[in-house]
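Here's the structure we're looking at; comments come further down.
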Amino acid sequence: MLLEGKTLLVTGASAGIGRATAIGAARHGADVAINFHSDDASAASCIAEIESLGRKGVAIKGDVADPDTAKDFVARATEALGRVDVFVNNAGICPFHAFLDMPVETLERTFRVNLHGAYYMVQAAANQMVKQGQGGAIVAVSSISALVGGEFQTHYTPTKAGVHSLMQSAAIALGKHGIRCNSVLPGTILTDINKDDLADEGKRNYMEKRIPLGRLGAPDDLAGPIIFLASDLAAYVTGAALLVDGGMFVNLQ
Ligand SMILES: NC(=O)C1=CN([C@@H]2O[C@H](COP(=O)(O)OP(=O)(O)OC[C@H]3O[C@@H](n4cnc5c(N)ncnc54)[C@H](OP(=O)(O)O)[C@@H]3O)[C@@H](O)[C@H]2O)C=CC1
Ligand SMILES: C[C@H](O)[C@@H]1OC(=O)[C@H](O)[C@@H]1O
């Protein structure tokens with residue numbers, strides 16, 4: 001039990017990596033507050049799973065692109081659970097599109113959700129942790145895409161590089177408060193975000209062949225690394241980025 005007696009907040013947790021993290025954290029003894037955007041039924045079922053593990057769970061709806069959502073999420077989660085020990089910034093979108101005719105709305109929405117949303121959320125969580133005066137841990141879900149490009153992800157990869165960079169600067173800004181800031185860099189994880197893209201069998205086989213461990217990732221593959229970085233086992237780790245990609249990044253030939 002790595003998070004016994006702690007509270008953990010996670011954004012974008014009605015599905016995918018966020019949901020696996022929320023449930024994994026509850027399994028490790030944490031009470032959990034989740035943010036989500038639209039899927040009420042999935043958010044409710046995530047909370048039901050957390051409660052079935054004997055932990056407190058609360059779901060708070062909101063669009064992370066709206067700066068007010070961050071203050072609202074942190075305030076309501078603190079009211080429900082008492083405090084914020086761990087914050088996981090996870091919510092994100094990746095509407096695949098070509099570069100030369102990228103619609104302005106798609107570019108701006110992706111930046112607002114993935115990068116602006118991360119900034120507002122991390123800032124709101126950090127303010128609560130500073131107020132509590134006992135430090136804390138922040139983990140952001142960046143991506144292997146912070147390090148490498150994607151033909152149909154020219155609007156997305158800069159946001160993931162931005163989230164990675166945000167954690168590095170926040171680690172410096174918040175170290176004096178005992179708040180650690182790290183990121184995980186997932187490779188290709190099968191979730192709703194890429195189910196259409198990977199429905200193309202050729203693309204899916206190509207991605208699988210690039211991965212030394214021989215399979216695409218599952219949301220649970222991220223829960224362990226995130227919980228480790230959030231836990232006291234990582235007490236001297238801050239400003240770090242952990243690739244969780246089955247070895248895809250190092251596979252040149
Ligand atoms: N899957 C992958 O291969 C990889 C994913 N990542 C990153 O992991 C993170 C999670 O992605 P993944 O689990 O795959 O995606 P999913 O599509 O499975 O889940 C996305 C989650 O984010 C929520 N969300 C989307 N937009 C908003 C918003 N505006 N405000 C609040 N919540 C929102 C969704 O809520 P709802 O459904 O209720 O609308 C959902 O809970 C993203 O940041 C992504 O960039 C990084 C590398 C690889
Ligand atoms: C959504 C993509 O399949 C996924 O997102 C990322 O960040 C990874 O790099 C993959 O491209």
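Within each chain, counting starts at residue 1; across the structure tokens, chains are named A, B, ... in the order shown, with ligands numbered 1 upward in that order.
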
So that each row is one residue of chain A with an atom at most 6 Å from ligand 1, can you give its shortest atom pair and the distance in Å to one decimal, using only C-alpha atoms and all ligand atoms, rows by chain and rising number, as a Markdown table?
| residue | atom | partner | partner_atom_place_in_ligand_line | distance |
| --- | --- | --- | --- | --- |
| A:Gly12 | CA | ligand 1 | 22 (O) | 3.4 |
| A:Ala13 | CA | ligand 1 | 41 (O) | 4.2 |
| A:Ser14 | CA | ligand 1 | 41 (O) | 3.8 |
| A:Ala15 | CA | ligand 1 | 41 (O) | 4.3 |
| A:Gly16 | CA | ligand 1 | 13 (O) | 3.4 |
| A:Ile17 | CA | ligand 1 | 13 (O) | 3.8 |
| A:Gly18 | CA | ligand 1 | 13 (O) | 5.7 |
| A:Phe36 | CA | ligand 1 | 32 (N) | 4.2 |
| A:His37 | CA | ligand 1 | 38 (O) | 3.9 |
| A:Ser38 | CA | ligand 1 | 38 (O) | 3.7 |
| A:Asp39 | CA | ligand 1 | 38 (O) | 3.7 |
| A:Gly62 | CA | ligand 1 | 31 (C) | 5.7 |
| A:Asp63 | CA | ligand 1 | 30 (N) | 3.6 |
| A:Val64 | CA | ligand 1 | 30 (N) | 4.0 |
| A:Ala65 | CA | ligand 1 | 29 (N) | 5.5 |
| A:Asn90 | CA | ligand 1 | 43 (O) | 4.7 |
| A:Ala91 | CA | ligand 1 | 22 (O) | 3.9 |
| A:Gly92 | CA | ligand 1 | 43 (O) | 3.5 |
| A:Ile93 | CA | ligand 1 | 25 (C) | 5.6 |
| A:Val113 | CA | ligand 1 | 29 (N) | 5.1 |
| A:Val141 | CA | ligand 1 | 8 (O) | 5.6 |
| A:Ser142 | CA | ligand 1 | 46 (C) | 5.6 |
| A:Ser143 | CA | ligand 1 | 47 (C) | 4.1 |
| A:Pro186 | CA | ligand 1 | 47 (C) | 4.3 |
| A:Gly187 | CA | ligand 1 | 48 (C) | 5.0 |
| A:Thr188 | CA | ligand 1 | 3 (O) | 3.6 |
| A:Ile189 | CA | ligand 1 | 3 (O) | 3.6 |
| A:Leu190 | CA | ligand 1 | 1 (N) | 5.5 |
| A:Thr191 | CA | ligand 1 | 18 (O) | 4.4 |
| A:Asp192 | CA | ligand 1 | 18 (O) | 4.3 |
| A:Ile193 | CA | ligand 1 | 17 (O) | 3.8 |

Restricting the output to C-alpha atoms, write the selected residues as a short mmCIF file (atom, residue, chain, number, x, y, z; two decimals), in the first residue's frame.
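Printed below is again17.cif as written:
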data_model
loop_
_atom_site.label_atom_id
_atom_site.label_comp_id
_atom_site.auth_asym_id
_atom_site.auth_seq_id
_atom_site.Cartn_x
_atom_site.Cartn_y
_atom_site.Cartn_z
CA GLY A 12 -9.72 13.10 -16.98
CA ALA A 13 -10.48 9.96 -15.00
CA SER A 14 -13.79 8.72 -16.40
CA ALA A 15 -11.76 6.59 -18.86
CA GLY A 16 -8.35 5.34 -19.91
CA ILE A 17 -5.16 6.16 -18.03
CA GLY A 18 -6.84 8.53 -15.57
CA PHE A 36 -14.08 14.34 -16.00
CA HIS A 37 -15.64 16.22 -18.90
CA SER A 38 -18.71 14.52 -20.35
CA ASP A 39 -19.19 10.83 -19.52
CA GLY A 62 -15.68 20.21 -15.54
CA ASP A 63 -13.83 21.25 -18.70
CA VAL A 64 -10.14 21.69 -17.83
CA ALA A 65 -9.79 24.27 -20.62
CA ASN A 90 -3.97 13.55 -16.99
CA ALA A 91 -6.90 14.98 -19.02
CA GLY A 92 -6.04 15.29 -22.68
CA ILE A 93 -7.26 15.05 -26.27
CA VAL A 113 -7.25 21.34 -22.93
CA VAL A 141 0.85 12.62 -17.93
CA SER A 142 3.02 13.91 -20.78
CA SER A 143 3.95 11.50 -23.60
CA PRO A 186 3.50 6.93 -22.06
CA GLY A 187 4.13 5.31 -25.43
CA THR A 188 1.11 3.98 -27.30
CA ILE A 189 -1.57 2.88 -24.86
CA LEU A 190 -4.84 1.41 -26.16
CA THR A 191 -7.62 3.79 -25.07
CA ASP A 192 -10.50 5.76 -26.59
CA ILE A 193 -8.06 8.52 -27.60
#

Who sits within 12 Å of Gly224 (chain A), only C-alpha atoms, same chain under 2 positions skipped, as number ranges by chain: A: 1-3, 17, 20-25, 27-28, 184, 218-222, 226-231, 242, 244

Shortest interatomic distance to ligand 2 - which of A:Lys176, A:Arg112, A:His97, A:Lys131, counting only C-alpha atoms and all ligand atoms: A:His97

Long-range neighbours of Leu107 (chain A) as a ChimeraX atom specification, 12 Å cut-off, only C-alpha atoms, 2 positions minimum in chain: /A:93-105,109-115,152-159

DSSP strand (DSSP E) residues within region 40-219 of chain A, as a list in words: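 So, restricting region 40-219 of chain A to strand (DSSP E), we get Gly57, Val58, Ala59, Ile60, Lys61, Val86, Phe87, Val88, Asn89, Gly136, Ala137, Ile138, Val139, Ala140, Val141, Ile179, Arg180, Cys181, Asn182, Ser183, Val184, Leu185 and Pro186 of chain A.
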
Write out the residues from the selection above, keeping N, CA, C and O atoms, as an mmCIF file, in the first residue's frame.
data_model
loop_
_atom_site.group_PDB
_atom_site.id
_atom_site.type_symbol
_atom_site.label_atom_id
_atom_site.label_comp_id
_atom_site.auth_asym_id
_atom_site.auth_seq_id
_atom_site.Cartn_x
_atom_site.Cartn_y
_atom_site.Cartn_z
ATOM 1 N N GLY A 57 -14.562 8.200 -2.655
ATOM 2 C CA GLY A 57 -14.394 8.678 -4.031
ATOM 3 C C GLY A 57 -15.398 9.769 -4.325
ATOM 4 O O GLY A 57 -16.535 9.723 -3.842
ATOM 5 N N VAL A 58 -14.962 10.762 -5.113
ATOM 6 C CA VAL A 58 -15.890 11.822 -5.500
ATOM 7 C C VAL A 58 -15.578 12.224 -6.947
ATOM 8 O O VAL A 58 -14.409 12.317 -7.338
ATOM 9 N N ALA A 59 -16.646 12.402 -7.745
ATOM 10 C CA ALA A 59 -16.476 12.803 -9.149
ATOM 11 C C ALA A 59 -16.974 14.230 -9.317
ATOM 12 O O ALA A 59 -18.088 14.558 -8.883
ATOM 13 N N ILE A 60 -16.160 15.057 -9.936
ATOM 14 C CA ILE A 60 -16.504 16.471 -10.118
ATOM 15 C C ILE A 60 -16.329 16.805 -11.604
ATOM 16 O O ILE A 60 -15.229 16.699 -12.149
ATOM 17 N N LYS A 61 -17.449 17.198 -12.223
ATOM 18 C CA LYS A 61 -17.445 17.413 -13.671
ATOM 19 C C LYS A 61 -16.879 18.791 -14.018
ATOM 20 O O LYS A 61 -17.147 19.762 -13.296
ATOM 21 N N VAL A 86 -1.724 14.369 -3.334
ATOM 22 C CA VAL A 86 -1.186 14.009 -4.653
ATOM 23 C C VAL A 86 -2.108 14.576 -5.720
ATOM 24 O O VAL A 86 -3.336 14.456 -5.613
ATOM 25 N N PHE A 87 -1.502 15.186 -6.748
ATOM 26 C CA PHE A 87 -2.301 15.661 -7.876
ATOM 27 C C PHE A 87 -1.758 15.049 -9.161
ATOM 28 O O PHE A 87 -0.553 15.137 -9.431
ATOM 29 N N VAL A 88 -2.643 14.436 -9.941
ATOM 30 C CA VAL A 88 -2.237 13.833 -11.217
ATOM 31 C C VAL A 88 -2.935 14.578 -12.354
ATOM 32 O O VAL A 88 -4.162 14.558 -12.467
ATOM 33 N N ASN A 89 -2.147 15.259 -13.183
ATOM 34 C CA ASN A 89 -2.715 15.946 -14.349
ATOM 35 C C ASN A 89 -2.708 15.004 -15.542
ATOM 36 O O ASN A 89 -1.635 14.646 -16.047
ATOM 37 N N GLY A 136 3.879 17.689 -0.953
ATOM 38 C CA GLY A 136 2.948 16.940 -1.798
ATOM 39 C C GLY A 136 3.661 16.416 -3.031
ATOM 40 O O GLY A 136 4.872 16.596 -3.187
ATOM 41 N N ALA A 137 2.889 15.766 -3.875
ATOM 42 C CA ALA A 137 3.467 15.215 -5.115
ATOM 43 C C ALA A 137 2.534 15.510 -6.284
ATOM 44 O O ALA A 137 1.314 15.333 -6.176
ATOM 45 N N ILE A 138 3.130 15.973 -7.367
ATOM 46 C CA ILE A 138 2.370 16.224 -8.602
ATOM 47 C C ILE A 138 2.975 15.368 -9.706
ATOM 48 O O ILE A 138 4.207 15.329 -9.853
ATOM 49 N N VAL A 139 2.113 14.656 -10.423
ATOM 50 C CA VAL A 139 2.574 13.847 -11.558
ATOM 51 C C VAL A 139 1.744 14.262 -12.767
ATOM 52 O O VAL A 139 0.509 14.299 -12.692
ATOM 53 N N ALA A 140 2.425 14.591 -13.866
ATOM 54 C CA ALA A 140 1.692 14.956 -15.080
ATOM 55 C C ALA A 140 1.868 13.872 -16.128
ATOM 56 O O ALA A 140 2.960 13.313 -16.286
ATOM 57 N N VAL A 141 0.776 13.595 -16.841
ATOM 58 C CA VAL A 141 0.852 12.624 -17.935
ATOM 59 C C VAL A 141 1.229 13.394 -19.199
ATOM 60 O O VAL A 141 0.401 14.062 -19.805
ATOM 61 N N ILE A 179 7.181 20.156 -2.435
ATOM 62 C CA ILE A 179 6.277 19.562 -3.443
ATOM 63 C C ILE A 179 7.122 19.055 -4.613
ATOM 64 O O ILE A 179 7.874 19.820 -5.229
ATOM 65 N N ARG A 180 7.008 17.749 -4.888
ATOM 66 C CA ARG A 180 7.750 17.128 -5.990
ATOM 67 C C ARG A 180 6.888 17.133 -7.256
ATOM 68 O O ARG A 180 5.673 16.932 -7.179
ATOM 69 N N CYS A 181 7.542 17.370 -8.399
ATOM 70 C CA CYS A 181 6.814 17.421 -9.676
ATOM 71 C C CYS A 181 7.532 16.561 -10.707
ATOM 72 O O CYS A 181 8.707 16.807 -11.004
ATOM 73 N N ASN A 182 6.831 15.583 -11.237
ATOM 74 C CA ASN A 182 7.428 14.667 -12.209
ATOM 75 C C ASN A 182 6.431 14.383 -13.328
ATOM 76 O O ASN A 182 5.228 14.642 -13.180
ATOM 77 N N SER A 183 6.944 13.841 -14.432
ATOM 78 C CA SER A 183 6.011 13.445 -15.488
ATOM 79 C C SER A 183 6.249 12.000 -15.905
ATOM 80 O O SER A 183 7.345 11.466 -15.735
ATOM 81 N N VAL A 184 5.192 11.394 -16.405
ATOM 82 C CA VAL A 184 5.329 10.102 -17.087
ATOM 83 C C VAL A 184 5.130 10.348 -18.575
ATOM 84 O O VAL A 184 4.356 11.221 -18.979
ATOM 85 N N LEU A 185 5.842 9.562 -19.366
ATOM 86 C CA LEU A 185 5.789 9.696 -20.826
ATOM 87 C C LEU A 185 5.311 8.365 -21.413
ATOM 88 O O LEU A 185 6.126 7.492 -21.762
ATOM 89 N N PRO A 186 3.995 8.188 -21.497
ATOM 90 C CA PRO A 186 3.501 6.926 -22.058
ATOM 91 C C PRO A 186 3.837 6.809 -23.546
ATOM 92 O O PRO A 186 3.913 7.821 -24.254
#

Counting only C-alpha atoms and all ligand atoms, the residue of A:Thr7, A:Asn127, A:Thr69, A:Asn194 that sits nearest ligand 2: A:Asn194

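Of the residues under consideration (A:Asp85, A:Glu208, A:Asp232, A:Asp197), A:Asp197 shows the shortest atom-to-atom contact distance to ligand 2 when counting only C-alpha atoms and all ligand atoms.
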
Point-to-point distance from CA of Ser169 (chain A) to CA of Gly29 (chain A), Å rounded to tenths: 29.6 Å
